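**Student:** I have a structure here, written as C-alpha cells, and I will follow up with some questions on it.
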Amino acid sequence: MAYGAKTAVDGLSLRVERGTVTAVLGPNGAGKTTTLETCEGYRRPQAGVVRVLGLDPQRQRGALLPRIGVMLQSGGAWSGVRAVEMLDHVAAMHAHPLPTPVLVERLGLGDCGKTPYRRLSGGQQQRLGLAMALVGRPELVFVDEPTAGMDPQARRTTWDLLEEVRADGVTVVLTTHHMDEAEHLADHIHIIDHGRLIATGTPSELTRGGSTATIRLVVNRPFPESAPESLRTELGPGTEIRQLDAVSMLISGPADPTTLGRVSRWCEAHDVLPQTLTLGQRNLEDVFLELTGRGLS
Ligand SMILES: Nc1ncnc2c1ncn2[C@@H]1O[C@H](COP(=O)(O)OP(=O)(O)OP(=O)(O)O)[C@@H](O)[C@H]1O
C-alpha cells in the first residue's frame, strides 16, 4: 500500500486464526492503520491479496460489512450527535443488534449518554467507538488503538470487554503501540515497522529469551563515553548492550548467576551508583529494541 510515492505497507503477509485476539504492534507510522483499513475495504491495495472471512473486502464489501465490526482510530460519529443516539443509530442498521443499554452500562457510557460527540473526552469517544463496533454482533472486529487516550481504569474495562468478546467466539484484530496491551490481550502478535513484518508469534514465543537474560541498569549520573565498550569487555562474549539514554542501559547476556555481580562490580569501578539494577525476562519492548535498535514509542 502506498500513498503517492510513500510506501506505507510493504509485502506484509499475515494470517489471523478465528476466535483469537491478534495484535498488530508497531511504533507510530509503522503502517498499522493502513493495514487495518485495507482489510476493512477502505483502501485498495496496489498489489497483493486480501481476504477477510474468505471475502474480498473490495469486491464483496456488501457481504462482508454485516459480518465485521470496525472501531476507527478517531471519528466515526457526527460532531453534534449524542453518544447514545449514535449507538442506537448504528444498532438500527444491523439485523440482530445487541441491546444498547447493556453496552452503555458495560462501557460506562451512561453518564455521558446525552453528551454531544464533540464534547466527549478522548477516552469516552474511544469507548463509544468500541460500542459501535460491537453492537452488530460481528464475527470479526477490527479495533484501531482501542485504549488511546483512556485513563487506567477505562483501559482495564476495555481490556476486560475485549476478553469477553473473544470468549464469545469473536475474532479480534487490534492495533496498538503499547506492548503491555499486546502482551496482556493477544494470542498472537505481529510486530511491524516501516510497513514490514519484523517478528511474529505468541507473546511467550516472542519474549522467550532461551538462555538470555535482560538486565536494566539505571545509574545516578551519566555513563562515561566508553561505558558500553568497557561493560562488554567486563561481561564477555555473547553480551549485547544498548544505551537507552545518558543514564540507562539494557544488557542482554547469558542468564548465569555471575552477570549481575559483574555489572555491579563495573559500576563500582566506574564510580556510578546503580539506582535500578534488575534482571528479568525480556519483554516486547526489548524484542523491538533488539530488532530495530529503537524503542517502540
Ligand atoms: N492519507 C495518507 N496520505 C499520505 N501518507 C499517509 C496517509 N496515511 C498514512 N500515511 C503515511 O503512511 C505511513 C503509515 O501510516 P499508518 O497510519 O498506517 O501508521 P500507524 O502504524 O497506524 O501509525 P499510528 O500509530 O501513528 O496511527 C506513515 O508514514 C504515514 O505518514
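Identifiers for the C-alpha cells are assigned positionally: chains receive A, B, ... in sequence, residues are indexed from 1 per chain, and ligands are indexed from 1 in the order shown.
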As a VMD selection string, which residues of region 74-182 of chain A does DSSP assign to helix (DSSP H, G or I)?
**Tutor:** chain A and resid 83 to 92 100 to 106 110 to 112 117 to 119 122 to 134 152 to 167 179 to 182
**Student:** Would you save the residues of that selection, restricted to C-alpha atoms, as an mmCIF file, in the first residue's frame?
**Tutor:**
data_model
loop_
_atom_site.group_PDB
_atom_site.id
_atom_site.type_symbol
_atom_site.label_atom_id
_atom_site.label_comp_id
_atom_site.auth_asym_id
_atom_site.auth_seq_id
_atom_site.Cartn_x
_atom_site.Cartn_y
_atom_site.Cartn_z
ATOM 1 C CA ALA A 83 -23.475 9.386 22.370
ATOM 2 C CA VAL A 84 -26.431 7.048 22.942
ATOM 3 C CA GLU A 85 -28.329 8.353 19.867
ATOM 4 C CA MET A 86 -25.307 7.449 17.753
ATOM 5 C CA LEU A 87 -25.151 3.970 19.210
ATOM 6 C CA ASP A 88 -28.888 3.438 18.672
ATOM 7 C CA HIS A 89 -28.492 4.651 15.097
ATOM 8 C CA VAL A 90 -25.735 2.115 14.373
ATOM 9 C CA ALA A 91 -27.710 -0.634 16.143
ATOM 10 C CA ALA A 92 -30.703 0.079 13.878
ATOM 11 C CA THR A 100 -27.691 -0.848 23.513
ATOM 12 C CA PRO A 101 -28.401 -0.283 27.251
ATOM 13 C CA VAL A 102 -26.215 -3.303 28.027
ATOM 14 C CA LEU A 103 -23.298 -1.861 26.065
ATOM 15 C CA VAL A 104 -23.828 1.622 27.528
ATOM 16 C CA GLU A 105 -23.700 0.149 31.030
ATOM 17 C CA ARG A 106 -20.756 -2.156 30.291
ATOM 18 C CA GLY A 110 -24.286 6.169 30.984
ATOM 19 C CA ASP A 111 -23.002 9.454 32.411
ATOM 20 C CA CYS A 112 -22.251 10.906 29.010
ATOM 21 C CA TYR A 117 -19.923 13.568 20.418
ATOM 22 C CA ARG A 118 -17.600 16.565 20.074
ATOM 23 C CA ARG A 119 -17.819 17.238 23.820
ATOM 24 C CA GLY A 122 -10.914 11.220 24.069
ATOM 25 C CA GLY A 123 -11.445 8.131 26.227
ATOM 26 C CA GLN A 124 -15.251 8.427 26.034
ATOM 27 C CA GLN A 125 -15.085 8.757 22.243
ATOM 28 C CA GLN A 126 -12.957 5.597 22.160
ATOM 29 C CA ARG A 127 -15.475 3.720 24.308
ATOM 30 C CA LEU A 128 -18.359 4.841 22.109
ATOM 31 C CA GLY A 129 -16.345 3.755 19.049
ATOM 32 C CA LEU A 130 -15.868 0.330 20.580
ATOM 33 C CA ALA A 131 -19.577 0.052 21.406
ATOM 34 C CA MET A 132 -20.420 0.976 17.784
ATOM 35 C CA ALA A 133 -18.060 -1.739 16.538
ATOM 36 C CA LEU A 134 -19.604 -4.394 18.773
ATOM 37 C CA PRO A 152 -6.031 3.371 33.559
ATOM 38 C CA GLN A 153 -9.473 2.336 34.814
ATOM 39 C CA ALA A 154 -11.166 2.755 31.421
ATOM 40 C CA ARG A 155 -8.242 0.926 29.860
ATOM 41 C CA ARG A 156 -8.737 -2.031 32.196
ATOM 42 C CA THR A 157 -12.514 -2.069 31.468
ATOM 43 C CA THR A 158 -11.793 -2.093 27.750
ATOM 44 C CA TRP A 159 -9.337 -4.957 28.122
ATOM 45 C CA ASP A 160 -11.943 -6.920 30.108
ATOM 46 C CA LEU A 161 -14.541 -6.221 27.437
ATOM 47 C CA LEU A 162 -12.263 -7.350 24.619
ATOM 48 C CA GLU A 163 -11.548 -10.530 26.575
ATOM 49 C CA GLU A 164 -15.292 -11.147 26.924
ATOM 50 C CA VAL A 165 -15.712 -10.542 23.197
ATOM 51 C CA ARG A 166 -13.091 -13.195 22.488
ATOM 52 C CA ALA A 167 -14.742 -15.580 24.979
ATOM 53 C CA MET A 179 3.457 -3.532 24.341
ATOM 54 C CA ASP A 180 1.713 -4.239 27.674
ATOM 55 C CA GLU A 181 -1.622 -4.153 25.846
ATOM 56 C CA ALA A 182 -0.422 -6.619 23.224
#
**Student:** Contacts of region 223-226 of chain A at 9 Å or less, counting only C-alpha atoms, minus same-chain residues fewer than 4 places along, as an NGL selection string?
**Tutor:** :A and (219 or 230-231 or 246-248 or 270 or 272)
**Student:** How would you write, as number ranges by chain, the set of residues no farther than 9 Å from ligand 1 when counting only C-alpha atoms and all ligand atoms?
**Tutor:** A: 1-9, 24-37, 73, 144-145, 175-177, 192-195
**Student:** Output C-alpha atoms of each residue in that selection to a file, as a short mmCIF file (atom, residue, chain, number, x, y, z; two decimals), in the first residue's frame.
**Tutor:**
data_model
loop_
_atom_site.label_atom_id
_atom_site.label_comp_id
_atom_site.auth_asym_id
_atom_site.auth_seq_id
_atom_site.Cartn_x
_atom_site.Cartn_y
_atom_site.Cartn_z
CA MET A 1 0.00 0.00 0.00
CA ALA A 2 1.43 3.36 -0.97
CA TYR A 3 0.23 6.94 -0.62
CA GLY A 4 1.74 8.54 -3.73
CA ALA A 5 5.47 7.92 -3.50
CA LYS A 6 5.24 6.91 0.16
CA THR A 7 5.09 3.14 0.71
CA ALA A 8 3.14 2.57 3.93
CA VAL A 9 2.78 -1.24 3.91
CA VAL A 24 -0.60 -5.66 15.16
CA LEU A 25 2.07 -3.91 17.17
CA GLY A 26 4.39 -1.20 15.96
CA PRO A 27 5.52 2.37 16.54
CA ASN A 28 3.78 5.45 15.15
CA GLY A 29 3.72 5.43 11.37
CA ALA A 30 4.57 1.71 11.09
CA GLY A 31 1.57 1.06 8.84
CA LYS A 32 -0.89 -0.43 11.35
CA THR A 33 -3.89 1.73 10.45
CA THR A 34 -3.22 1.34 6.74
CA THR A 35 -3.17 -2.45 7.18
CA LEU A 36 -6.48 -2.42 9.04
CA GLU A 37 -8.14 -0.01 6.62
CA GLN A 73 -8.75 5.37 15.41
CA ASP A 144 -7.55 0.57 15.97
CA GLU A 145 -5.70 1.69 19.12
CA THR A 175 -3.52 -2.35 16.62
CA THR A 176 -1.51 -0.88 19.40
CA HIS A 177 1.83 0.65 20.17
CA ILE A 192 5.59 -4.29 12.15
CA ASP A 193 7.99 -1.49 11.42
CA HIS A 194 8.23 0.70 8.30
CA GLY A 195 5.36 -1.30 6.77
#
**Student:** Using the chain letters and numbers from this document, which residues of region 185-297 of chain A does DSSP assign to strand (DSSP E or B), as number ranges by chain?
**Tutor:** A: 188-193, 196-201, 212-219, 240-245, 248-254, 274-280
**Student:** Would you output that residue set with N, CA and C atoms, as a compact mmCIF listing (two decimals), in the first residue's frame?
**Tutor:**
# COMPACT_ATOMS: atom_id res chain seq x y z
N HIS A 188 -1.79 -13.80 19.57
CA HIS A 188 -0.76 -13.78 18.55
C HIS A 188 -0.39 -12.32 18.25
N ILE A 189 0.88 -12.07 18.09
CA ILE A 189 1.33 -10.69 17.85
C ILE A 189 2.13 -10.63 16.55
N HIS A 190 1.81 -9.64 15.73
CA HIS A 190 2.63 -9.35 14.55
C HIS A 190 3.28 -8.01 14.82
N ILE A 191 4.59 -7.97 14.85
CA ILE A 191 5.27 -6.68 15.07
C ILE A 191 5.65 -6.12 13.71
N ILE A 192 5.22 -4.89 13.43
CA ILE A 192 5.59 -4.29 12.15
C ILE A 192 6.36 -2.99 12.36
N ASP A 193 7.19 -2.72 11.39
CA ASP A 193 7.99 -1.49 11.42
C ASP A 193 8.23 -1.08 9.97
N ARG A 196 6.72 -3.25 7.26
CA ARG A 196 7.12 -4.65 7.07
C ARG A 196 6.96 -5.43 8.35
N LEU A 197 6.69 -6.73 8.19
CA LEU A 197 6.59 -7.61 9.34
C LEU A 197 8.00 -7.93 9.81
N ILE A 198 8.30 -7.64 11.10
CA ILE A 198 9.66 -7.95 11.54
C ILE A 198 9.69 -9.10 12.55
N ALA A 199 8.56 -9.44 13.13
CA ALA A 199 8.52 -10.60 14.03
C ALA A 199 7.07 -11.01 14.23
N THR A 200 6.87 -12.29 14.47
CA THR A 200 5.51 -12.77 14.68
C THR A 200 5.55 -13.96 15.62
N GLY A 201 4.53 -14.10 16.44
CA GLY A 201 4.49 -15.24 17.36
C GLY A 201 3.55 -14.96 18.51
N THR A 212 19.01 -16.31 27.51
CA THR A 212 19.37 -14.89 27.58
C THR A 212 18.58 -14.18 28.68
N ALA A 213 19.27 -13.37 29.43
CA ALA A 213 18.61 -12.56 30.45
C ALA A 213 18.73 -11.10 30.05
N THR A 214 17.78 -10.30 30.52
CA THR A 214 17.86 -8.87 30.25
C THR A 214 18.06 -8.13 31.56
N ILE A 215 19.07 -7.32 31.60
CA ILE A 215 19.32 -6.52 32.81
C ILE A 215 19.06 -5.07 32.46
N ARG A 216 18.27 -4.43 33.30
CA ARG A 216 18.07 -2.98 33.14
C ARG A 216 18.93 -2.29 34.18
N LEU A 217 19.74 -1.39 33.71
CA LEU A 217 20.64 -0.67 34.62
C LEU A 217 20.40 0.83 34.47
N VAL A 218 20.01 1.46 35.57
CA VAL A 218 19.87 2.92 35.58
C VAL A 218 20.80 3.44 36.67
N VAL A 219 21.62 4.43 36.34
CA VAL A 219 22.61 4.91 37.31
C VAL A 219 22.36 6.37 37.68
N GLU A 240 24.97 -8.31 24.68
CA GLU A 240 24.59 -7.18 23.83
C GLU A 240 24.21 -5.99 24.71
N ILE A 241 24.75 -4.85 24.40
CA ILE A 241 24.50 -3.70 25.26
C ILE A 241 23.93 -2.55 24.45
N ARG A 242 22.81 -2.03 24.94
CA ARG A 242 22.25 -0.85 24.27
C ARG A 242 22.08 0.25 25.30
N GLN A 243 22.66 1.38 24.98
CA GLN A 243 22.49 2.54 25.88
C GLN A 243 21.20 3.23 25.47
N LEU A 244 20.24 3.32 26.40
CA LEU A 244 18.93 3.89 26.06
C LEU A 244 18.96 5.40 26.16
N ASP A 245 19.63 5.91 27.19
CA ASP A 245 19.83 7.35 27.32
C ASP A 245 21.08 7.55 28.18
N SER A 248 20.72 5.19 31.33
CA SER A 248 20.16 3.83 31.37
C SER A 248 20.65 2.95 30.23
N MET A 249 20.77 1.68 30.58
CA MET A 249 21.25 0.69 29.62
C MET A 249 20.42 -0.57 29.72
N LEU A 250 20.36 -1.27 28.60
CA LEU A 250 19.71 -2.57 28.55
C LEU A 250 20.80 -3.57 28.16
N ILE A 251 20.99 -4.55 28.99
CA ILE A 251 22.08 -5.50 28.76
C ILE A 251 21.47 -6.88 28.55
N SER A 252 21.71 -7.49 27.40
CA SER A 252 21.22 -8.86 27.18
C SER A 252 22.43 -9.76 27.17
N GLY A 253 22.35 -10.78 27.98
CA GLY A 253 23.51 -11.66 28.04
C GLY A 253 23.16 -12.99 28.64
N PRO A 254 24.18 -13.84 28.83
CA PRO A 254 23.93 -15.16 29.37
C PRO A 254 23.25 -15.07 30.73
N PRO A 274 24.29 2.31 40.93
CA PRO A 274 23.06 1.80 40.29
C PRO A 274 21.82 2.23 41.08
N GLN A 275 20.85 2.83 40.37
CA GLN A 275 19.59 3.16 41.04
C GLN A 275 18.55 2.10 40.72
N THR A 276 18.69 1.49 39.54
CA THR A 276 17.88 0.32 39.20
C THR A 276 18.84 -0.70 38.62
N LEU A 277 18.76 -1.90 39.13
CA LEU A 277 19.57 -2.99 38.56
C LEU A 277 18.69 -4.23 38.65
N THR A 278 17.97 -4.52 37.56
CA THR A 278 17.02 -5.63 37.62
C THR A 278 17.31 -6.64 36.54
N LEU A 279 17.07 -7.86 36.88
CA LEU A 279 17.28 -8.96 35.95
C LEU A 279 15.91 -9.56 35.66
N GLY A 280 15.57 -9.72 34.41
CA GLY A 280 14.26 -10.30 34.13
C GLY A 280 14.20 -10.86 32.73
**Student:** Point out the residue among A:Met150, A:Val49, A:Leu174, A:Cys39 with the least atom-to-atom distance to Leu65 (chain A), counting only C-alpha atoms.
**Tutor:**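 Result for the nearest residue to Leu65 (chain A): A:Cys39.
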**Student:** List the spatial neighbours of Asp187 (chain A) as a list in words - criterion: any atom at most 9 Å away, only C-alpha atoms, same-chain residues fewer than 4 positions off excluded.
**Tutor:**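 Counting only the stated atoms, we get Thr20, Val21, Thr22, Ala23, Ala182, Glu183, Gly201, Thr202 and Pro203 of chain A.
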**Student:** Only N, CA and C atoms, please: the residues just picked out, written as a PDB file, in the first residue's frame.
**Tutor:**
ATOM      1  N   THR A  20      -9.517 -15.801  17.895  1.00  0.00           N
ATOM      2  CA  THR A  20      -8.348 -15.363  18.670  1.00  0.00           C
ATOM      3  C   THR A  20      -8.277 -13.834  18.708  1.00  0.00           C
ATOM      4  N   VAL A  21      -7.407 -13.342  19.573  1.00  0.00           N
ATOM      5  CA  VAL A  21      -7.089 -11.909  19.555  1.00  0.00           C
ATOM      6  C   VAL A  21      -5.705 -11.769  18.931  1.00  0.00           C
ATOM      7  N   THR A  22      -5.639 -11.002  17.872  1.00  0.00           N
ATOM      8  CA  THR A  22      -4.357 -10.763  17.206  1.00  0.00           C
ATOM      9  C   THR A  22      -4.008  -9.294  17.349  1.00  0.00           C
ATOM     10  N   ALA A  23      -2.785  -9.021  17.754  1.00  0.00           N
ATOM     11  CA  ALA A  23      -2.352  -7.625  17.859  1.00  0.00           C
ATOM     12  C   ALA A  23      -1.361  -7.318  16.753  1.00  0.00           C
ATOM     13  N   ALA A 182      -0.578  -5.450  24.097  1.00  0.00           N
ATOM     14  CA  ALA A 182      -0.422  -6.619  23.224  1.00  0.00           C
ATOM     15  C   ALA A 182      -0.107  -7.854  24.068  1.00  0.00           C
ATOM     16  N   GLU A 183       0.780  -7.687  25.034  1.00  0.00           N
ATOM     17  CA  GLU A 183       1.191  -8.815  25.861  1.00  0.00           C
ATOM     18  C   GLU A 183      -0.001  -9.344  26.673  1.00  0.00           C
ATOM     19  N   GLY A 201       4.531 -14.101  16.439  1.00  0.00           N
ATOM     20  CA  GLY A 201       4.489 -15.240  17.357  1.00  0.00           C
ATOM     21  C   GLY A 201       3.546 -14.961  18.510  1.00  0.00           C
ATOM     22  N   THR A 202       3.435 -15.932  19.403  1.00  0.00           N
ATOM     23  CA  THR A 202       2.652 -15.702  20.612  1.00  0.00           C
ATOM     24  C   THR A 202       3.506 -14.822  21.526  1.00  0.00           C
ATOM     25  N   PRO A 203       2.892 -14.162  22.527  1.00  0.00           N
ATOM     26  CA  PRO A 203       3.718 -13.329  23.413  1.00  0.00           C
ATOM     27  C   PRO A 203       4.882 -14.123  24.010  1.00  0.00           C
TER      28      PRO A 203
END
**Student:** Identify, on the basis of only C-alpha atoms, every residue whose closest approach to Arg294 (chain A) does not exceed 10 Å; exclude the query and any residue fewer than 2 positions from it along the same chain; express the result as an MDAnalysis selection string.
**Tutor:** chainID A and resid 27 242 244 285:286 288:292 296:297
**Student:** When you draw a straight line from CA of Gly54 (chain A) to CA of Glu205 (chain A), how long is it in Å?
**Tutor:**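 Taking CA of Gly54 (chain A) as the start and CA of Glu205 (chain A) as the end point, the length is 27.7 Å.
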**Student:** Skip Leu64 (chain A) itself and residues of its chain fewer than 2 positions away, then list as a PyMOL selection string all residues within 9 Å of it, counting only C-alpha atoms.
**Tutor:** chain A and resi 40+52-53+55-57+60-62+66-68
**Student:** So which residues touch Arg44 (chain A) within 8 Å, counting only C-alpha atoms, skipping near sequence neighbours fewer than 2 positions away, as a list in words?
**Tutor:**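 Once the nearby chain positions are removed, what remains is Met1, Thr38, Gly41, Tyr42, Gln46 and Gln58 of chain A.
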**Student:** Selected residues, N, CA and C atoms, written as a compact mmCIF listing (two decimals), in the first residue's frame, please.
**Tutor:**
# COMPACT_ATOMS: atom_id res chain seq x y z
N MET A 1 0.85 -1.19 0.00
CA MET A 1 0.00 0.00 0.00
C MET A 1 0.89 1.24 0.00
N THR A 38 -7.10 -1.45 4.95
CA THR A 38 -7.09 -2.27 3.75
C THR A 38 -7.96 -3.51 3.97
N GLY A 41 -11.61 -2.74 3.79
CA GLY A 41 -12.11 -2.36 2.47
C GLY A 41 -12.10 -0.87 2.21
N TYR A 42 -11.53 -0.07 3.14
CA TYR A 42 -11.47 1.38 2.92
C TYR A 42 -10.35 1.77 1.97
N GLN A 46 -2.34 -1.72 -3.87
CA GLN A 46 -1.80 -1.68 -5.23
C GLN A 46 -1.31 -3.06 -5.67
N GLN A 58 -12.87 -5.53 -1.16
CA GLN A 58 -13.24 -4.55 -2.18
C GLN A 58 -14.45 -5.04 -2.98
**Student:** Which one is closest to Arg82 (chain A): A:Leu273, A:Leu109, A:Ala95, A:Val70? Count only C-alpha atoms.
**Tutor:**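 The closest residue to Arg82 (chain A) is A:Leu109.
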